[in-house]
file model-v9.pdb (PDB, C-alpha atoms)
MODEL        1
ATOM      1  CA  MET A   1      68.221 137.194 -57.304
ATOM      2  CA  ARG A   2      67.803 134.395 -59.803
ATOM      3  CA  TRP A   3      68.584 136.746 -62.705
ATOM      4  CA  LEU A   4      71.825 137.786 -60.982
ATOM      5  CA  LYS A   5      72.988 134.174 -60.753
ATOM      6  CA  ARG A   6      72.180 133.627 -64.416
ATOM      7  CA  ALA A   7      74.005 136.826 -65.393
ATOM      8  CA  ILE A   8      77.109 135.728 -63.472
ATOM      9  CA  LEU A   9      76.998 132.286 -65.100
ATOM     10  CA  VAL A  10      76.682 133.764 -68.588
ATOM     11  CA  GLY A  11      79.485 136.246 -67.825
ATOM     12  CA  ASN A  12      81.784 133.427 -66.696
ATOM     13  CA  ILE A  13      81.071 131.389 -69.818
ATOM     14  CA  VAL A  14      81.749 134.401 -72.059
ATOM     15  CA  MET A  15      85.013 135.205 -70.263
ATOM     16  CA  PHE A  16      86.151 131.574 -70.540
ATOM     17  CA  ALA A  17      85.384 131.563 -74.260
ATOM     18  CA  CYS A  18      87.303 134.835 -74.708
ATOM     19  CA  PHE A  19      90.217 133.343 -72.781
ATOM     20  CA  LEU A  20      90.273 130.298 -75.055
ATOM     21  CA  LEU A  21      90.191 132.504 -78.164
ATOM     22  CA  ILE A  22      93.051 134.669 -76.895
ATOM     23  CA  LEU A  23      95.040 131.592 -75.905
ATOM     24  CA  ASP A  24      94.463 130.071 -79.340
ATOM     25  CA  ALA A  25      95.443 133.265 -81.136
ATOM     26  CA  GLN A  26      98.422 134.254 -79.021
ATOM     27  CA  GLY A  27      99.846 131.579 -76.806
ATOM     28  CA  ALA A  28      99.073 128.230 -78.335
ATOM     29  CA  ALA A  29     101.772 128.581 -80.951
ATOM     30  CA  LEU A  30     104.361 129.131 -78.207
ATOM     31  CA  ILE A  31     103.652 125.793 -76.583
ATOM     32  CA  LYS A  32     105.483 123.049 -78.400
ATOM     33  CA  PRO A  33     104.862 119.399 -77.714
ATOM     34  CA  GLY A  34     107.208 118.177 -75.000
ATOM     35  CA  ALA A  35     108.105 121.717 -73.851
ATOM     36  CA  TRP A  36     105.967 121.493 -70.725
ATOM     37  CA  GLU A  37     107.204 119.766 -67.608
ATOM     38  CA  TYR A  38     105.509 118.944 -64.331
ATOM     39  CA  LYS A  39     107.200 121.816 -62.537
ATOM     40  CA  ASP A  40     105.637 124.276 -65.018
ATOM     41  CA  LEU A  41     102.192 122.823 -64.394
ATOM     42  CA  ILE A  42     102.740 122.873 -60.627
ATOM     43  CA  ALA A  43     103.867 126.509 -60.749
ATOM     44  CA  ILE A  44     100.759 127.510 -62.707
ATOM     45  CA  LEU A  45      98.456 125.557 -60.412
ATOM     46  CA  LEU A  46     100.035 127.081 -57.285
ATOM     47  CA  SER A  47      99.636 130.551 -58.791
ATOM     48  CA  VAL A  48      95.969 129.880 -59.482
ATOM     49  CA  VAL A  49      95.439 128.517 -55.966
ATOM     50  CA  SER A  50      97.116 131.577 -54.435
ATOM     51  CA  LEU A  51      94.857 133.874 -56.470
ATOM     52  CA  ILE A  52      91.785 131.936 -55.353
ATOM     53  CA  VAL A  53      92.858 132.064 -51.692
ATOM     54  CA  THR A  54      93.522 135.816 -51.999
ATOM     55  CA  PHE A  55      90.098 136.370 -53.517
ATOM     56  CA  ILE A  56      88.428 134.317 -50.777
ATOM     57  CA  GLY A  57      90.331 136.278 -48.139
ATOM     58  CA  PHE A  58      89.154 139.542 -49.663
ATOM     59  CA  ILE A  59      85.547 138.337 -49.648
ATOM     60  CA  VAL A  60      85.841 137.228 -46.011
ATOM     61  CA  ALA A  61      87.330 140.612 -45.031
ATOM     62  CA  VAL A  62      84.530 142.538 -46.730
ATOM     63  CA  ALA A  63      81.922 140.261 -45.152
ATOM     64  CA  ALA A  64      83.503 140.713 -41.711
ATOM     65  CA  ILE A  65      83.483 144.498 -41.982
ATOM     66  CA  TRP A  66      79.912 144.533 -43.253
ATOM     67  CA  GLY A  67      78.797 142.089 -40.549
ATOM     68  CA  TYR A  68      80.509 144.093 -37.803
ATOM     69  CA  GLN A  69      78.827 147.306 -38.910
ATOM     70  CA  THR A  70      75.461 145.569 -39.109
ATOM     71  CA  LEU A  71      75.819 144.017 -35.645
ATOM     72  CA  ARG A  72      76.986 147.326 -34.186
ATOM     73  CA  SER A  73      74.020 149.255 -35.574
ATOM     74  CA  MET A  74      71.602 146.562 -34.396
ATOM     75  CA  ALA A  75      73.176 146.570 -30.924
ATOM     76  CA  GLU A  76      72.957 150.366 -30.704
ATOM     77  CA  LYS A  77      69.270 150.338 -31.657
ATOM     78  CA  LEU A  78      68.514 147.560 -29.180
ATOM     79  CA  ALA A  79      70.449 149.294 -26.397
ATOM     80  CA  ILE A  80      68.588 152.565 -26.985
ATOM     81  CA  GLU A  81      65.205 150.833 -26.974
ATOM     82  CA  THR A  82      66.060 148.822 -23.860
ATOM     83  CA  SER A  83      67.345 151.838 -21.960
ATOM     84  CA  LYS A  84      64.247 153.879 -22.844
ATOM     85  CA  THR A  85      61.802 151.210 -21.758
ATOM     86  CA  GLY A  86      63.852 150.290 -18.693
ATOM     87  CA  SER A  87      64.208 153.878 -17.544
ATOM     88  CA  GLU A  88      60.498 154.587 -18.096
ATOM     89  CA  VAL A  89      59.547 151.546 -16.050
ATOM     90  CA  TYR A  90      62.035 152.399 -13.284
ATOM     91  CA  LEU A  91      61.060 156.072 -13.104
ATOM     92  CA  SER A  92      57.377 155.191 -12.791
ATOM     93  CA  SER A  93      57.960 152.524 -10.105
ATOM     94  CA  GLU A  94      57.081 152.984  -6.447
ATOM     95  CA  SER A  95      60.575 152.121  -5.220
ATOM     96  CA  PHE A  96      62.053 155.039  -7.180
ATOM     97  CA  LYS A  97      59.439 157.405  -5.748
ATOM     98  CA  HIS A  98      60.247 156.220  -2.218
ATOM     99  CA  GLN A  99      63.978 156.701  -2.833
ATOM    100  CA  VAL A 100      63.425 160.241  -4.127
ATOM    101  CA  ASP A 101      61.171 161.093  -1.177
ATOM    102  CA  ALA A 102      63.758 159.714   1.264
ATOM    103  CA  ALA A 103      66.558 161.701  -0.385
ATOM    104  CA  ILE A 104      64.471 164.890  -0.246
ATOM    105  CA  THR A 105      63.642 164.276   3.425
ATOM    106  CA  VAL A 106      67.302 163.702   4.316
ATOM    107  CA  ALA A 107      68.361 166.852   2.450
ATOM    108  CA  MET A 108      65.677 168.966   4.123
ATOM    109  CA  GLU A 109      66.613 167.660   7.575
ATOM    110  CA  ALA A 110      70.288 168.419   6.909
ATOM    111  CA  ARG A 111      69.473 171.986   5.813
ATOM    112  CA  ALA A 112      67.259 172.534   8.851
ATOM    113  CA  ARG A 113      69.951 171.140  11.171
ATOM    114  CA  ASP A 114      72.601 173.365   9.577
ATOM    115  CA  ALA A 115      70.356 176.420   9.898
ATOM    116  CA  VAL A 116      69.696 175.710  13.567
ATOM    117  CA  GLN A 117      73.405 175.151  14.244
ATOM    118  CA  ASP A 118      74.271 178.410  12.498
ATOM    119  CA  VAL A 119      71.774 180.367  14.615
ATOM    120  CA  LEU A 120      72.824 178.656  17.850
ATOM    121  CA  GLY A 121      76.529 178.917  17.042
ATOM    122  CA  THR A 122      76.464 182.690  17.243
ATOM    123  CA  SER A 123      74.536 182.790  20.527
ATOM    124  CA  ILE A 124      76.437 180.083  22.452
ATOM    125  CA  LEU A 125      80.044 180.480  23.466
ATOM    126  CA  GLY A 126      82.461 177.996  22.104
ATOM    127  CA  ALA A 127      84.221 175.524  24.380
ATOM    128  CA  ASN A 128      87.571 177.231  23.885
ATOM    129  CA  ALA A 129      86.193 180.561  25.135
ATOM    130  CA  ALA A 130      85.607 179.252  28.668
ATOM    131  CA  PRO A 131      87.953 180.692  31.351
ATOM    132  CA  GLU A 132      89.354 177.307  32.379
ATOM    133  CA  HIS A 133      90.610 176.683  28.840
ATOM    134  CA  GLN A 134      92.389 179.952  28.463
ATOM    135  CA  ALA A 135      96.140 179.921  28.774
ATOM    136  CA  ARG A 136      97.590 181.507  31.932
ATOM    137  CA  ASP A 137     101.017 182.670  32.749
ATOM    138  CA  GLU A 138     101.216 180.589  35.873
ATOM    139  CA  GLU A 139     103.765 177.934  36.577
ATOM    140  CA  TRP A 140     102.803 174.331  36.581
ATOM    141  CA  ARG A 141     102.169 172.758  39.959
ATOM    142  CA  ASP A 142     101.955 169.084  40.845
TER
ENDMDL
END

call {"tool": "encode", "arguments": {"input": "model-v9.pdb", "output": "C-alpha cells"}}
result
Amino acid sequence: MRWLKRAILVGNIVMFACFLLILDAQGAALIKPGAWEYKDLIAILLSVVSLIVTFIGFIVAVAAIWGYQTLRSMAEKLAIETSKTGSEVYLSSESFKHQVDAAITVAMEARARDAVQDVLGTSILGANAAPEHQARDEEWRD
C-alpha cells in the first residue's frame, strides 16, 4: 500500500512538471503583462473547483455502490447462517415436537370423526326424511 502512495505522488509530480513545460512552450507567450483581470482568475478558479467537486462526487458514488454491494452480501450471508442455526435449534426443540404431535392428533381425530359420520350418515335417516317434515297438500288450520 505504501508503494501505491509513492507511485501516485511521483505520478502527480511528473504530470505537474509536464503541465508547466507545456504551459511554458505553448501558453506563456499568449499571456501579456496586464492582460489578466480578476474575473479571468475567478473564472479559472471556479472551473477548477467545479472539476474537483465533480471528481469527489464520482468517488462518493463509486464508494456508495461498492459499500451497498458489500453490505448486501454480508447481510445475505448472515441471514442464511442465522436462519440455518435458528431453524435447526427450533426443529430440535421439545415445543416443536409437541406442536407436531398435537397437529397429528387433531388431524387423526378429524379423519376418524369424518369416517364415522360417513358410515353413520348412510344408515341413519336425515331429519328432512321424517314424515312430519314432509309437505302435505292439506290446508292450513289455526

call {"tool": "atom_distance", "arguments": {"input": "model-v9.pdb", "atom1": "atom CA of Phe58 of chain A", "atom2": "atom CA of Leu71 of chain A"}}
result
19.9 Å

call {"tool": "atom_distance", "arguments": {"input": "model-v9.pdb", "atom1": "atom CA of Glu76 of chain A", "atom2": "atom CA of Ala64 of chain A"}}
result
18.0 Å

call {"tool": "atom_distance", "arguments": {"input": "model-v9.pdb", "atom1": "atom CA of Tyr90 of chain A", "atom2": "atom CA of Ala103 of chain A"}}
result
16.5 Å

call {"tool": "axis_aligned_box", "arguments": {"input": "model-v9.pdb", "around": "segment 68-84 of chain A", "padding_each_side": "3 Å", "output": "JSON"}}
result
{"center_x": 72.4, "center_y": 148.9, "center_z": -30.5, "size_x": 22.3, "size_y": 15.9, "size_z": 23.1}

call {"tool": "build_atoms", "arguments": {"input": "model-v9.pdb", "residues": "segment 100-111 of chain A", "atoms": "all heavy atoms", "output": "CSV table (one decimal), in the coordinates of the input"}}
result
chain,number,residue,atom,x,y,z
A,100,VAL,N,63.4,158.8,-3.9
A,100,VAL,CA,63.4,160.2,-4.1
A,100,VAL,C,62.9,161.0,-2.9
A,100,VAL,O,63.5,161.9,-2.4
A,100,VAL,CB,62.7,160.6,-5.4
A,100,VAL,CG1,62.5,162.1,-5.5
A,100,VAL,CG2,63.4,160.1,-6.6
A,101,ASP,N,61.7,160.5,-2.4
A,101,ASP,CA,61.2,161.1,-1.2
A,101,ASP,C,62.1,161.0,0.0
A,101,ASP,O,62.3,162.0,0.8
A,101,ASP,CB,59.8,160.4,-0.8
A,101,ASP,CG,58.7,160.8,-1.8
A,101,ASP,OD1,58.9,161.8,-2.5
A,101,ASP,OD2,57.7,160.0,-1.9
A,102,ALA,N,62.8,159.9,0.2
A,102,ALA,CA,63.8,159.7,1.3
A,102,ALA,C,64.9,160.7,1.1
A,102,ALA,O,65.4,161.3,2.1
A,102,ALA,CB,64.2,158.3,1.3
A,103,ALA,N,65.4,160.8,-0.1
A,103,ALA,CA,66.6,161.7,-0.4
A,103,ALA,C,66.2,163.1,-0.1
A,103,ALA,O,66.9,163.9,0.4
A,103,ALA,CB,67.0,161.5,-1.8
A,104,ILE,N,64.9,163.5,-0.5
A,104,ILE,CA,64.5,164.9,-0.2
A,104,ILE,C,64.3,165.1,1.3
A,104,ILE,O,64.7,166.2,1.8
A,104,ILE,CB,63.1,165.1,-1.0
A,104,ILE,CG1,63.4,165.2,-2.5
A,104,ILE,CG2,62.5,166.4,-0.5
A,104,ILE,CD1,62.1,165.2,-3.3
A,105,THR,N,63.8,164.1,2.0
A,105,THR,CA,63.6,164.3,3.4
A,105,THR,C,65.0,164.4,4.1
A,105,THR,O,65.2,165.3,5.0
A,105,THR,CB,62.9,163.0,4.0
A,105,THR,OG1,61.7,162.9,3.3
A,105,THR,CG2,62.7,163.2,5.5
A,106,VAL,N,66.0,163.6,3.7
A,106,VAL,CA,67.3,163.7,4.3
A,106,VAL,C,67.9,165.1,4.0
A,106,VAL,O,68.5,165.7,4.9
A,106,VAL,CB,68.2,162.5,3.8
A,106,VAL,CG1,69.6,162.8,4.1
A,106,VAL,CG2,67.7,161.2,4.3
A,107,ALA,N,67.8,165.6,2.8
A,107,ALA,CA,68.4,166.9,2.4
A,107,ALA,C,67.7,168.0,3.2
A,107,ALA,O,68.4,168.9,3.7
A,107,ALA,CB,68.2,167.1,0.9
A,108,MET,N,66.4,167.9,3.4
A,108,MET,CA,65.7,169.0,4.1
A,108,MET,C,66.1,168.9,5.6
A,108,MET,O,66.2,170.0,6.2
A,108,MET,CB,64.2,168.8,3.9
A,108,MET,CG,63.7,169.2,2.5
A,108,MET,SD,61.9,168.9,2.3
A,108,MET,CE,61.3,170.2,3.4
A,109,GLU,N,66.2,167.8,6.2
A,109,GLU,CA,66.6,167.7,7.6
A,109,GLU,C,68.0,168.2,7.8
A,109,GLU,O,68.3,168.9,8.7
A,109,GLU,CB,66.5,166.2,8.0
A,109,GLU,CG,65.1,165.7,8.2
A,109,GLU,CD,65.1,164.2,8.6
A,109,GLU,OE1,66.2,163.6,8.6
A,109,GLU,OE2,64.0,163.7,8.8
A,110,ALA,N,68.9,167.9,6.8
A,110,ALA,CA,70.3,168.4,6.9
A,110,ALA,C,70.3,169.9,6.8
A,110,ALA,O,71.0,170.6,7.6
A,110,ALA,CB,71.1,167.8,5.8
A,111,ARG,N,69.5,170.5,5.9
A,111,ARG,CA,69.5,172.0,5.8
A,111,ARG,C,68.9,172.6,7.1
A,111,ARG,O,69.4,173.6,7.5
A,111,ARG,CB,68.6,172.4,4.6
A,111,ARG,CG,69.4,172.3,3.3
A,111,ARG,CD,68.6,172.9,2.2
A,111,ARG,NE,69.4,173.0,1.1
A,111,ARG,CZ,69.3,174.0,0.2
A,111,ARG,NH1,68.3,174.8,0.3
A,111,ARG,NH2,70.1,174.0,-0.8
